[in-house]
Amino acid sequence: MEQIPQIPKEKFRLIHDENNKDQEKIGTPSLTYMQDVRRRLFKDKVAVVCLALISIIVVISILAPIIAPHNPNAQQVTMSNLPPKLGNLNIPGMNGYQNMGGHMVDAYKQADAPKGTFYILGTDYLGRDLLSRIIYGTRLSLVVAVLATLVDLLIGVPYGIVSGWKGGKTDTFMQRIVEIVSSIPNLIVVILMMIILKPGLTSIVIAIAITGWVTMARLVRAQTFQLKEQEYILAARTLGEPSMKIATKHLIPNLSSTIIIQTMFTIPNAIFFEAFLSFIGIGIPAPNASLGTLLSDGQKAFRFLPYQMWAPAIILSVIMIATNLLGDGLRDAFDPQSSEN
Amino acid sequence: MKSKKYLLALLPIFLFVLVLSGCGSATEKDSKNTLAINSGDVIATMDSSMNTDAIGAQHLTNTMEGLYRYDGKDLKPAIAKKVVKPTNGGKTYTFDLRHTQWSNGKPVTANDFVYAWRRTVDPKTASQYAYIYSGIKNADKINAGKKPVNTLGIKALGKYKLEVTLENAIPYFNTLMASSTFYPQYKPAVEKAGKQYGLSSTGMVFNGPFKLVNWNVSKNSWTEVKNNKYWNAKSVKLKTLKYYVVKDANTGLNLYDANRINRYEKLGGDTARQVSSYKTFSMDKQTANFYLELNQKKYKFFRNAKIRQAISMSINREQLTNNVLGKTGGIEHTIVPVGMSYNPTTKVDFTKEKMLQSSNQYTEYNPKEATKLWKEGIKETGQKNLSFTLLGDDTDNSKKQNEYLQGEMEKNLPGIKITLSNVPFKSRLDKSTSGNFDIVVTGWNADYPDPVTFLDIFTTGNVQNNGKYSNAQYDALINKSKTTDATNEEARWQDLLQATKILTDEQGAIPLYQSYQANLTRSNVKGYQITPNGSYNLVTAYKK
Amino acid sequence: MAKYILKRILYLFLTLFIIATITFFMMKMLPGTPFSNQNRMSAEQLKIVKAQYGLDQSVFVQYIRYIGGLLQGNLGTSFQFNNEPVTALIGQRLAPSMQIGAQAMVVGTIGGILLGALAAIRKNTWVDTLATFISILGLSIPSFVLAVLLQFYLAYKWKIYPVALWDNFQSSILPTLALSALPLGTVARFMRTEMVDVMSSDYIELAKSKGNSSWGVVAKHALRNSLIPVVTIIGPMAVSVMTGSMVVENIFSIPGIGEQFVKSITTNDYPTIMGLTIFYSFLLIIVYLIVDILYGLIDPRIRLGNGGKE
């Protein structure tokens, strides 16, 4: 038997040791999903500005007792309905003058306000400082919104996923419940709450909770339906992944855009619903203010004291626009598909 | 990219169409013959037996005619030929009737009155105002189902002669005869409509200055046209009345400024305050008021007069009426409103009588005294819990006023904690009559222009006495005014004054303010006057 | 499909029955009576009135009677307007509410789709920014504030539209606009989001690469596929338009059912509240049914017949 010549070991050498070293190397630091989200979010300038705005509003709300210049519920009836005035700076619209029967009148002088008295955003019908009321009102409205959103997420998301994922009889049954709940006008539920509980924050949050999660559940269910027909889910199922893992690993990240958008709608919805209740007279009880009660009071006085409506309306709009735009930013950041657009 | 252009073009077109559709909606021409007025709400019923509210009363006054009609402050004969003097010790009234017609040409007879009155008192009709017939012979017994309807003290002595018998003399009986609850009804119309009578103008006949046309209870605008069959049609100058239900203050003002309505009635306090400098602004004193009742059954604490006085003196009524209510309320020191009843001999206003002036101190703002009395009262009763709920209506005015009261009491009465509960009118009534409250703001509209309509409430056992105030001397005086002194005007007057003094000194009910009605009326609208029973008499109204 | 719809209609009645039951017992828990002068009425009168409304019977008997009446389309009689049937009350006030509701839905949906589609096509341009701003503003202003602003500027100041009242088509424009802001904002935002997703999807790229014109792609694929989420929010949107109509009807003095509903609550008119609740619910369920059917028509991937099960 002829011997196969042995090739000496030294002759072997890894060929691409030097030149192709970088081929397998990951150039940028490895990012987790959340890190990636954060990176994309901070690249979005609009979202950053909105985040900053919301943070400021939240901080002001939390620090309301320190920041508010007056006690929001302290009445000083002789100083009622004074227009905005900022120090002695003569800024039009902020100089304490008011149109009365066609003439501009110094309302502060008319009310015999002591020298140096001024209210930056004016006062309301009981002479309470509007700025302080708005700060406290924003605080209350945010509390309503946050609580309502939490309930929305805690009930609505799991409900929608289970319903959409299980399908069949479970889905039918769960959809019947959704249908019944969403078929009763919210107002009825609220009125019932107002009888069982005392009118106030708790009853409003419970009322929004009972009616609010339904939209989230419906949307999540619809999306889940679409998702579960997708190939990657099918693959995961075929590979025998447990449902729970599919839900957290595949469904929730892909549902995130729907969930976040809906959450960003829940916040204004909650604030709106509270405002609606205030308008028909069953909102946050007096003397406490919310953006809703301030708006509804301001609306009634709009013809003569427009500032009483504009001020809370602008704050409300700023909160709405900021939450919505931040929602957009978050969605883009969360959704791996949209990162390229 | 064609698609973008299409889509871009669509949006302005969409907006353009919207704007275009608005053109040509010029303000309506103002006609001399038509008066347009806002209404606070829809008409709930046009059945004079069933009506319970001021709106219904106004439209019954517009379209129907009773024995008398108020012309301004004066009671004038209408279907009755003259304002009758009673006989038989004030117990019998005999009316001679004018020959008048219903709008279908049929005569209005004494029997139409008999029919209407019996129908109202009949328990089967379930009229919520049947109690006003109390005092007419057998009315209470019939209403309780203990006597047949035909035993009611009203009789047709002929086609145009009517006799009414009372159980005992009622000094203010004549004023009642101008109220819509005592109007006649046309039997065939009522019977044909059955239970639906008064819910729609179809099939209704009228005998008043105007006729409702094309109306039903769900309409929130309606028209009333001149009734040519009205006995006094020659005095009626307007041809058409238009009513629109307006609930929003901005809308009301905008409609008034656009002259879609010629008169904007019942302004809220906030609006009234802003437009009070307008030349067209006017104010009507009403025979109605608001007062606080303290639940004396639930809390021994509130049975202490010092506590009640303290609460009363902690409230600055001047600020309340001027700044909070925008003068849609006037200060009142007694439970009897100003400008309703006058001394039979001297003609002095009831509330301006000398005897009552010393009691005014209990309704004057005096925070120091209030704090002092409050502390003394707490010591005397040993009350620990000072948290109370203030029950009130959920109207804008009421909410603001209650917020103010809350602030004032918490400022001037050490330790008190007030929670507000503003509920719909009917819920408030239900809660206050069932004693389910701590402090309640109650409103009362005079049923007839006499102090008794208010003073009666605070007698022991009266169903309207929500606070359960009780004072034997007070009860005795009111009773005396109705029995031994009923026909003696001067003695009766003194009884009522003394009773009022007791009530005010003890603050059995805490008067807050008298309701004023604020209105804007175009300067060409004339002769539009309020009457003592709260309705307007539109016979005299006209436009220049 | 027909079998499915039939099944849904059956469920519809079941749902209505459950709602009627819940509402009935809720109403029985509410305080207050329908009679404003109850304490001034004699015992005899009260007995007669209660018998008239069937309130003298046990709650269970009242319930059976109510459901029985419901089956015959009878919603009882109103407390507020003595002896007026609730069905008549709703019937007389239905038209204005339906008109402004439908107009607002149409204006809101079409406007929203246009606005959203525009924003998506012109993504990241000033058109997009403006459209986004408008749609968010629509979501940010409560209808009662918007109503006041529209009335003040468009009617009072510039005199383009009537201030209020219910006379003709023109009087319906301001309420329609006030009501359509919310659906407009909602639809526009959903539309944009979906459309952006769809536009970047493979099948659109494929369609484009196959040489389809851009307009065709947008119309045939992008628009159709983006409409799916829009359809799902029509149901909740209808609710918001309906509840919104209560305040808008109040402000513009429109004789609609929303205004009636608020009033029934303040006057303890239980039969009317119950009747309107059932009526509103009926409308909503119908809307949901239509939405689900549309959903199946638009997206063939969703099979309705078996609830989406394989």
# chains A, B, ... in the order shown; residues from 1 in each chain; ligands from 1
>>> select_by_dssp(residues="region 316-517 of chain B", states="helix (DSSP H, G or I)", output="NGL selection string")
:B and (317-324 or 350-352 or 354-363 or 367-381 or 396-412 or 425-433 or 452-458 or 472-482 or 489-506)
>>> residues_around(residues="region 306-319 of chain A", least_positions_apart="3", cutoff="9 Å", atoms="only C-alpha atoms", output="MDAnalysis selection string")
(chainID A and resid 50 53:54 57 81 83:84 121:124 130:131 134 137:138 268 271 291:292 294:303 322:324) or (chainID C and resid 136:137 139:142 145)
>>> write_last_selection(atoms="N, CA and C atoms", output="short mmCIF file (atom, residue, chain, number, x, y, z; two decimals), in the first residue's frame")
data_model
loop_
_atom_site.label_atom_id
_atom_site.label_comp_id
_atom_site.auth_asym_id
_atom_site.auth_seq_id
_atom_site.Cartn_x
_atom_site.Cartn_y
_atom_site.Cartn_z
N CYS A 50 -42.07 67.39 22.12
CA CYS A 50 -43.34 67.03 22.76
C CYS A 50 -43.10 66.36 24.09
N LEU A 53 -42.30 69.00 26.49
CA LEU A 53 -43.50 69.76 26.85
C LEU A 53 -44.34 69.00 27.87
N ILE A 54 -44.55 67.72 27.57
CA ILE A 54 -45.38 66.91 28.47
C ILE A 54 -44.70 66.80 29.83
N ILE A 57 -45.31 69.96 31.72
CA ILE A 57 -46.68 70.03 32.22
C ILE A 57 -46.87 69.09 33.41
N ASN A 81 -64.24 87.95 37.72
CA ASN A 81 -64.22 88.19 36.27
C ASN A 81 -63.26 89.28 35.82
N PRO A 83 -60.07 90.55 33.83
CA PRO A 83 -59.31 90.04 32.68
C PRO A 83 -57.84 89.87 33.03
N PRO A 84 -57.09 89.18 32.16
CA PRO A 84 -55.67 88.95 32.44
C PRO A 84 -54.88 90.25 32.56
N LEU A 121 -53.73 85.34 34.36
CA LEU A 121 -54.77 84.85 33.43
C LEU A 121 -56.16 85.34 33.85
N GLY A 122 -56.20 86.32 34.73
CA GLY A 122 -57.49 86.84 35.15
C GLY A 122 -58.12 86.00 36.24
N THR A 123 -59.40 86.34 36.55
CA THR A 123 -60.10 85.60 37.60
C THR A 123 -61.42 85.07 37.06
N ASP A 124 -62.03 84.15 37.78
CA ASP A 124 -63.31 83.59 37.34
C ASP A 124 -64.48 84.27 38.05
N LEU A 130 -57.42 82.38 37.94
CA LEU A 130 -57.59 81.41 36.86
C LEU A 130 -56.33 80.59 36.61
N LEU A 131 -55.17 81.24 36.72
CA LEU A 131 -53.91 80.52 36.50
C LEU A 131 -53.78 79.36 37.49
N ILE A 134 -56.14 76.66 36.66
CA ILE A 134 -55.75 75.88 35.49
C ILE A 134 -54.65 74.89 35.87
N GLY A 137 -56.33 72.29 37.76
CA GLY A 137 -57.25 71.60 36.87
C GLY A 137 -56.52 70.64 35.95
N THR A 138 -55.37 71.08 35.43
CA THR A 138 -54.56 70.21 34.58
C THR A 138 -54.15 68.97 35.35
N PRO A 268 -56.65 61.87 25.42
CA PRO A 268 -57.64 62.92 25.14
C PRO A 268 -59.06 62.45 25.36
N ILE A 271 -59.89 62.84 28.96
CA ILE A 271 -60.03 64.26 29.31
C ILE A 271 -61.33 64.81 28.70
N LEU A 291 -59.74 70.56 33.81
CA LEU A 291 -59.78 71.29 32.54
C LEU A 291 -61.21 71.28 31.99
N GLY A 292 -61.91 70.18 32.22
CA GLY A 292 -63.29 70.06 31.74
C GLY A 292 -64.21 71.09 32.37
N LEU A 294 -63.39 73.85 33.84
CA LEU A 294 -62.94 75.20 33.47
C LEU A 294 -63.42 75.55 32.07
N LEU A 295 -63.30 74.56 31.16
CA LEU A 295 -63.74 74.79 29.79
C LEU A 295 -65.24 75.02 29.74
N SER A 296 -65.97 74.22 30.47
CA SER A 296 -67.42 74.34 30.38
C SER A 296 -67.89 75.64 31.00
N ASP A 297 -67.23 76.09 32.09
CA ASP A 297 -67.55 77.41 32.64
C ASP A 297 -67.16 78.51 31.66
N GLY A 298 -65.97 78.34 31.06
CA GLY A 298 -65.48 79.35 30.13
C GLY A 298 -66.35 79.44 28.89
N GLN A 299 -66.82 78.30 28.44
CA GLN A 299 -67.67 78.27 27.25
C GLN A 299 -68.90 79.13 27.45
N LYS A 300 -69.48 79.04 28.66
CA LYS A 300 -70.71 79.78 28.92
C LYS A 300 -70.48 81.29 28.95
N ALA A 301 -69.27 81.69 29.30
CA ALA A 301 -68.99 83.11 29.43
C ALA A 301 -68.28 83.66 28.20
N PHE A 302 -68.20 82.85 27.14
CA PHE A 302 -67.34 83.19 26.01
C PHE A 302 -67.63 84.54 25.37
N ARG A 303 -68.90 84.89 25.25
CA ARG A 303 -69.25 86.12 24.55
C ARG A 303 -68.58 87.35 25.16
N ALA A 322 -49.37 67.54 21.94
CA ALA A 322 -48.12 66.93 22.39
C ALA A 322 -48.27 65.43 22.55
N THR A 323 -49.35 64.97 23.17
CA THR A 323 -49.50 63.52 23.35
C THR A 323 -49.63 62.83 22.00
N ASN A 324 -50.36 63.45 21.09
CA ASN A 324 -50.54 62.83 19.79
C ASN A 324 -49.24 62.74 19.00
N ILE C 136 -55.07 66.71 14.41
CA ILE C 136 -54.90 66.70 15.87
C ILE C 136 -55.74 67.79 16.51
N LEU C 137 -55.82 68.92 15.83
CA LEU C 137 -56.65 70.00 16.36
C LEU C 137 -58.10 69.55 16.46
N LEU C 139 -59.11 66.71 17.09
CA LEU C 139 -59.25 65.83 18.25
C LEU C 139 -59.12 66.60 19.55
N SER C 140 -58.51 67.79 19.47
CA SER C 140 -58.15 68.48 20.70
C SER C 140 -59.22 69.41 21.23
N ILE C 141 -60.18 69.74 20.40
CA ILE C 141 -61.17 70.73 20.83
C ILE C 141 -62.50 70.03 21.12
N PRO C 142 -62.99 70.12 22.34
CA PRO C 142 -64.29 69.51 22.64
C PRO C 142 -65.37 70.12 21.76
N VAL C 145 -66.87 73.46 22.73
CA VAL C 145 -66.03 74.64 22.52
C VAL C 145 -66.03 75.00 21.04
#
>>> interface_residues(of="chain B", to="chain C", cutoff="6 Å", atoms="only C-alpha atoms", output="number ranges by chain")
B: 3, 22-23, 44, 123, 126, 128, 144-145, 220, 246, 248, 424, 426-427, 430
>>> atom_distance(atom1="CA of Thr487 (chain B)", atom2="CA of Pro171 (chain B)")
6.9 Å
>>> interface_residues(of="chain B", to="chain A", cutoff="9 Å", atoms="only C-alpha atoms", output="PyMOL selection string")
chain B and resi 248-250+253-254+270-271+274-275+277-278+319-320+323-324+394-396+399-400+402-404+406-408+419-423
>>> residues_around(residues="region 256-260 of chain A", least_positions_apart="3", cutoff="8 Å", atoms="only C-alpha atoms", output="mmCIF file with N, CA and C atoms, in the first residue's frame")
data_model
loop_
_atom_site.group_PDB
_atom_site.id
_atom_site.type_symbol
_atom_site.label_atom_id
_atom_site.label_comp_id
_atom_site.auth_asym_id
_atom_site.auth_seq_id
_atom_site.Cartn_x
_atom_site.Cartn_y
_atom_site.Cartn_z
ATOM 1 N N VAL A 157 -56.003 45.266 26.433
ATOM 2 C CA VAL A 157 -54.996 44.543 25.643
ATOM 3 C C VAL A 157 -55.090 43.023 25.832
ATOM 4 N N MET A 216 -60.077 49.639 22.791
ATOM 5 C CA MET A 216 -58.754 49.016 22.770
ATOM 6 C C MET A 216 -58.883 47.527 22.481
ATOM 7 N N LEU A 219 -59.732 46.846 18.810
ATOM 8 C CA LEU A 219 -58.628 47.094 17.880
ATOM 9 C C LEU A 219 -57.559 46.013 17.995
ATOM 10 N N VAL A 220 -57.235 45.665 19.245
ATOM 11 C CA VAL A 220 -56.202 44.657 19.458
ATOM 12 C C VAL A 220 -56.666 43.325 18.870
ATOM 13 N N GLN A 223 -56.355 43.386 15.103
ATOM 14 C CA GLN A 223 -54.964 43.307 14.686
ATOM 15 C C GLN A 223 -54.422 41.895 14.898
ATOM 16 N N ILE A 252 -47.198 41.216 20.960
ATOM 17 C CA ILE A 252 -47.146 42.543 21.581
ATOM 18 C C ILE A 252 -46.218 43.500 20.827
ATOM 19 N N PRO A 253 -45.001 43.089 20.471
ATOM 20 C CA PRO A 253 -44.171 44.044 19.716
ATOM 21 C C PRO A 253 -44.851 44.484 18.419
ATOM 22 N N THR A 263 -53.552 54.283 22.904
ATOM 23 C CA THR A 263 -53.290 54.890 24.207
ATOM 24 C C THR A 263 -53.266 56.411 24.082
ATOM 25 N N MET A 264 -52.654 56.844 22.988
ATOM 26 C CA MET A 264 -52.568 58.288 22.781
ATOM 27 C C MET A 264 -53.946 58.879 22.471
ATOM 28 N N GLY A 327 -47.033 60.312 20.440
ATOM 29 C CA GLY A 327 -47.530 58.996 20.043
ATOM 30 C C GLY A 327 -46.990 58.600 18.683
ATOM 31 N N LEU A 330 -43.346 57.735 19.076
ATOM 32 C CA LEU A 330 -43.202 56.439 19.730
ATOM 33 C C LEU A 330 -43.518 55.301 18.762
ATOM 34 N N ARG A 331 -44.548 55.504 17.963
ATOM 35 C CA ARG A 331 -44.941 54.458 17.037
ATOM 36 C C ARG A 331 -43.809 54.181 16.049
ATOM 37 N N ASP A 332 -43.270 55.269 15.521
ATOM 38 C CA ASP A 332 -42.167 55.092 14.575
ATOM 39 C C ASP A 332 -40.999 54.399 15.252
ATOM 40 N N PHE A 334 -41.095 52.383 17.866
ATOM 41 C CA PHE A 334 -41.394 51.013 18.267
ATOM 42 C C PHE A 334 -41.425 50.058 17.080
ATOM 43 N N ASP A 335 -41.927 50.550 15.985
ATOM 44 C CA ASP A 335 -42.209 49.674 14.864
ATOM 45 C C ASP A 335 -40.952 49.477 14.028
#
>>> residues_around(residues="Asn343 (chain B)", least_positions_apart="2", cutoff="10 Å", atoms="only C-alpha atoms", output="JSON, numbers by chain")
{"B": [341, 345, 346, 347, 348, 349, 350, 351, 352, 353, 489, 490, 493, 494]}
>>> write_last_selection(atoms="N, CA and C atoms", output="short mmCIF file (atom, residue, chain, number, x, y, z; two decimals), in the first residue's frame")
data_model
loop_
_atom_site.label_atom_id
_atom_site.label_comp_id
_atom_site.auth_asym_id
_atom_site.auth_seq_id
_atom_site.Cartn_x
_atom_site.Cartn_y
_atom_site.Cartn_z
N SER B 341 -97.22 91.86 48.26
CA SER B 341 -98.44 92.10 49.02
C SER B 341 -98.33 93.42 49.78
N THR B 345 -104.74 98.79 54.41
CA THR B 345 -105.14 100.19 54.62
C THR B 345 -104.05 101.17 54.19
N THR B 346 -102.83 100.97 54.69
CA THR B 346 -101.78 101.96 54.39
C THR B 346 -101.06 101.72 53.07
N LYS B 347 -101.26 100.53 52.47
CA LYS B 347 -100.64 100.17 51.19
C LYS B 347 -99.11 100.04 51.27
N VAL B 348 -98.61 99.88 52.49
CA VAL B 348 -97.16 99.68 52.66
C VAL B 348 -96.82 98.24 52.30
N ASP B 349 -95.69 98.06 51.64
CA ASP B 349 -95.25 96.71 51.28
C ASP B 349 -95.08 95.88 52.55
N PHE B 350 -95.50 94.63 52.49
CA PHE B 350 -95.43 93.74 53.65
C PHE B 350 -94.04 93.74 54.29
N THR B 351 -93.03 93.61 53.44
CA THR B 351 -91.66 93.50 53.96
C THR B 351 -91.12 94.81 54.51
N LYS B 352 -91.79 95.93 54.17
CA LYS B 352 -91.31 97.24 54.62
C LYS B 352 -92.00 97.68 55.90
N GLU B 353 -92.89 96.86 56.44
CA GLU B 353 -93.61 97.22 57.66
C GLU B 353 -92.62 97.39 58.81
N GLU B 489 -109.38 92.01 57.56
CA GLU B 489 -108.14 92.26 56.83
C GLU B 489 -107.02 92.77 57.71
N GLU B 490 -107.35 93.75 58.58
CA GLU B 490 -106.33 94.40 59.39
C GLU B 490 -105.74 93.42 60.42
N TRP B 493 -103.60 90.81 58.78
CA TRP B 493 -102.31 91.39 58.39
C TRP B 493 -101.34 91.37 59.57
N GLN B 494 -101.84 91.77 60.75
CA GLN B 494 -101.01 91.79 61.96
C GLN B 494 -100.56 90.38 62.34
#
>>> atom_distance(atom1="CA of Met177 (chain B)", atom2="CA of Tyr68 (chain B)")
6.0 Å
>>> atom_distance(atom1="CA of Val59 (chain C)", atom2="CA of Ser264 (chain C)")
21.2 Å
>>> residues_around(residues="Phe182 (chain B)", least_positions_apart="4", cutoff="9 Å", atoms="only C-alpha atoms", output="ChimeraX atom specification")
/B:48-49,66-67,113,116-117,120,133,176-178
>>> residues_around(residues="Ala169 (chain B)", least_positions_apart="2", cutoff="12 Å", atoms="only C-alpha atoms", output="PyMOL selection string")
chain B and resi 85-93+134-137+164-167+171-174+481-489
>>> select_by_dssp(residues="region 32-263 of chain A", states="strand (DSSP E or B)", output="mmCIF file with N, CA and C atoms, in the first residue's frame")
data_model
loop_
_atom_site.group_PDB
_atom_site.id
_atom_site.type_symbol
_atom_site.label_atom_id
_atom_site.label_comp_id
_atom_site.auth_asym_id
_atom_site.auth_seq_id
_atom_site.Cartn_x
_atom_site.Cartn_y
_atom_site.Cartn_z
ATOM 1 N N LYS A 85 -53.924 90.251 33.458
ATOM 2 C CA LYS A 85 -53.056 91.412 33.605
ATOM 3 C C LYS A 85 -51.703 90.927 34.083
ATOM 4 N N ASN A 95 -53.551 93.622 29.824
ATOM 5 C CA ASN A 95 -53.364 94.861 30.577
ATOM 6 C C ASN A 95 -54.548 95.176 31.488
ATOM 7 N N TYR A 97 -57.600 95.505 30.711
ATOM 8 C CA TYR A 97 -58.707 96.234 30.106
ATOM 9 C C TYR A 97 -59.701 95.263 29.499
ATOM 10 N N GLN A 98 -60.933 95.693 29.481
ATOM 11 C CA GLN A 98 -61.995 94.802 29.051
ATOM 12 C C GLN A 98 -63.022 95.604 28.269
ATOM 13 N N ASN A 99 -63.572 94.967 27.244
ATOM 14 C CA ASN A 99 -64.594 95.638 26.448
ATOM 15 C C ASN A 99 -65.927 95.591 27.186
ATOM 16 N N MET A 100 -66.451 96.761 27.519
ATOM 17 C CA MET A 100 -67.740 96.795 28.209
ATOM 18 C C MET A 100 -68.653 97.747 27.470
ATOM 19 N N HIS A 103 -66.746 100.051 24.997
ATOM 20 C CA HIS A 103 -65.570 100.799 25.446
ATOM 21 C C HIS A 103 -64.596 99.866 26.128
ATOM 22 N N MET A 104 -63.306 100.251 26.054
ATOM 23 C CA MET A 104 -62.307 99.504 26.793
ATOM 24 C C MET A 104 -62.226 100.125 28.182
ATOM 25 N N VAL A 105 -62.475 99.321 29.188
ATOM 26 C CA VAL A 105 -62.514 99.824 30.548
ATOM 27 C C VAL A 105 -61.464 99.094 31.372
ATOM 28 N N ASP A 106 -60.823 99.820 32.269
ATOM 29 C CA ASP A 106 -59.879 99.174 33.167
ATOM 30 C C ASP A 106 -60.675 98.450 34.248
ATOM 31 N N THR A 123 -59.396 86.336 36.551
ATOM 32 C CA THR A 123 -60.102 85.599 37.602
ATOM 33 C C THR A 123 -61.421 85.074 37.055
ATOM 34 N N ASP A 129 -58.279 82.896 41.213
ATOM 35 C CA ASP A 129 -57.201 83.083 40.249
ATOM 36 C C ASP A 129 -57.239 81.982 39.196
#
>>> closest_residue(among="A:Gly156, A:Gly168, A:Pro65, A:Gly96", to="chain C", atoms="only C-alpha atoms")
A:Gly168
>>> closest_residue(among="C:Tyr4, C:Phe79, C:Tyr270, C:Tyr11", to="chain A", atoms="only C-alpha atoms")
C:Tyr11
>>> decode(residues="region 74-89 of chain B", atoms="N, CA and C atoms", output="mmCIF file, in the first residue's frame")
data_model
loop_
_atom_site.group_PDB
_atom_site.id
_atom_site.type_symbol
_atom_site.label_atom_id
_atom_site.label_comp_id
_atom_site.auth_asym_id
_atom_site.auth_seq_id
_atom_site.Cartn_x
_atom_site.Cartn_y
_atom_site.Cartn_z
ATOM 1 N N ASP B 74 -102.895 94.985 37.989
ATOM 2 C CA ASP B 74 -104.317 95.049 38.298
ATOM 3 C C ASP B 74 -105.064 93.818 37.834
ATOM 4 N N LEU B 75 -105.951 93.363 38.713
ATOM 5 C CA LEU B 75 -106.810 92.245 38.382
ATOM 6 C C LEU B 75 -108.014 92.793 37.617
ATOM 7 N N LYS B 76 -108.180 92.344 36.359
ATOM 8 C CA LYS B 76 -109.262 92.873 35.531
ATOM 9 C C LYS B 76 -110.249 91.760 35.216
ATOM 10 N N PRO B 77 -111.531 92.068 35.134
ATOM 11 C CA PRO B 77 -112.485 91.026 34.763
ATOM 12 C C PRO B 77 -112.211 90.544 33.341
ATOM 13 N N ALA B 78 -112.389 89.263 33.093
ATOM 14 C CA ALA B 78 -112.194 88.727 31.750
ATOM 15 C C ALA B 78 -113.494 88.063 31.316
ATOM 16 N N ILE B 79 -113.631 86.748 31.583
ATOM 17 C CA ILE B 79 -114.915 86.138 31.237
ATOM 18 C C ILE B 79 -115.967 86.562 32.254
ATOM 19 N N ALA B 80 -115.541 86.765 33.499
ATOM 20 C CA ALA B 80 -116.468 87.339 34.481
ATOM 21 C C ALA B 80 -116.698 88.797 34.094
ATOM 22 N N LYS B 81 -117.902 89.267 34.347
ATOM 23 C CA LYS B 81 -118.196 90.644 33.929
ATOM 24 C C LYS B 81 -117.545 91.667 34.829
ATOM 25 N N LYS B 82 -117.364 91.300 36.117
ATOM 26 C CA LYS B 82 -116.671 92.209 37.036
ATOM 27 C C LYS B 82 -115.939 91.417 38.114
ATOM 28 N N VAL B 83 -115.027 92.075 38.830
ATOM 29 C CA VAL B 83 -114.345 91.415 39.937
ATOM 30 C C VAL B 83 -115.341 91.339 41.089
ATOM 31 N N VAL B 84 -115.646 90.105 41.488
ATOM 32 C CA VAL B 84 -116.780 89.847 42.367
ATOM 33 C C VAL B 84 -116.434 90.057 43.831
ATOM 34 N N LYS B 85 -117.411 90.603 44.586
ATOM 35 C CA LYS B 85 -117.285 90.686 46.051
ATOM 36 C C LYS B 85 -118.033 89.491 46.618
ATOM 37 N N PRO B 86 -117.408 88.756 47.569
ATOM 38 C CA PRO B 86 -118.080 87.557 48.083
ATOM 39 C C PRO B 86 -119.259 87.903 48.989
ATOM 40 N N THR B 87 -120.152 86.952 49.122
ATOM 41 C CA THR B 87 -121.273 87.086 50.051
ATOM 42 C C THR B 87 -121.177 85.934 51.049
ATOM 43 N N ASN B 88 -122.152 85.876 51.952
ATOM 44 C CA ASN B 88 -122.227 84.763 52.899
ATOM 45 C C ASN B 88 -120.939 84.656 53.722
ATOM 46 N N GLY B 89 -120.465 85.790 54.278
ATOM 47 C CA GLY B 89 -119.262 85.782 55.118
ATOM 48 C C GLY B 89 -118.019 85.393 54.350
#
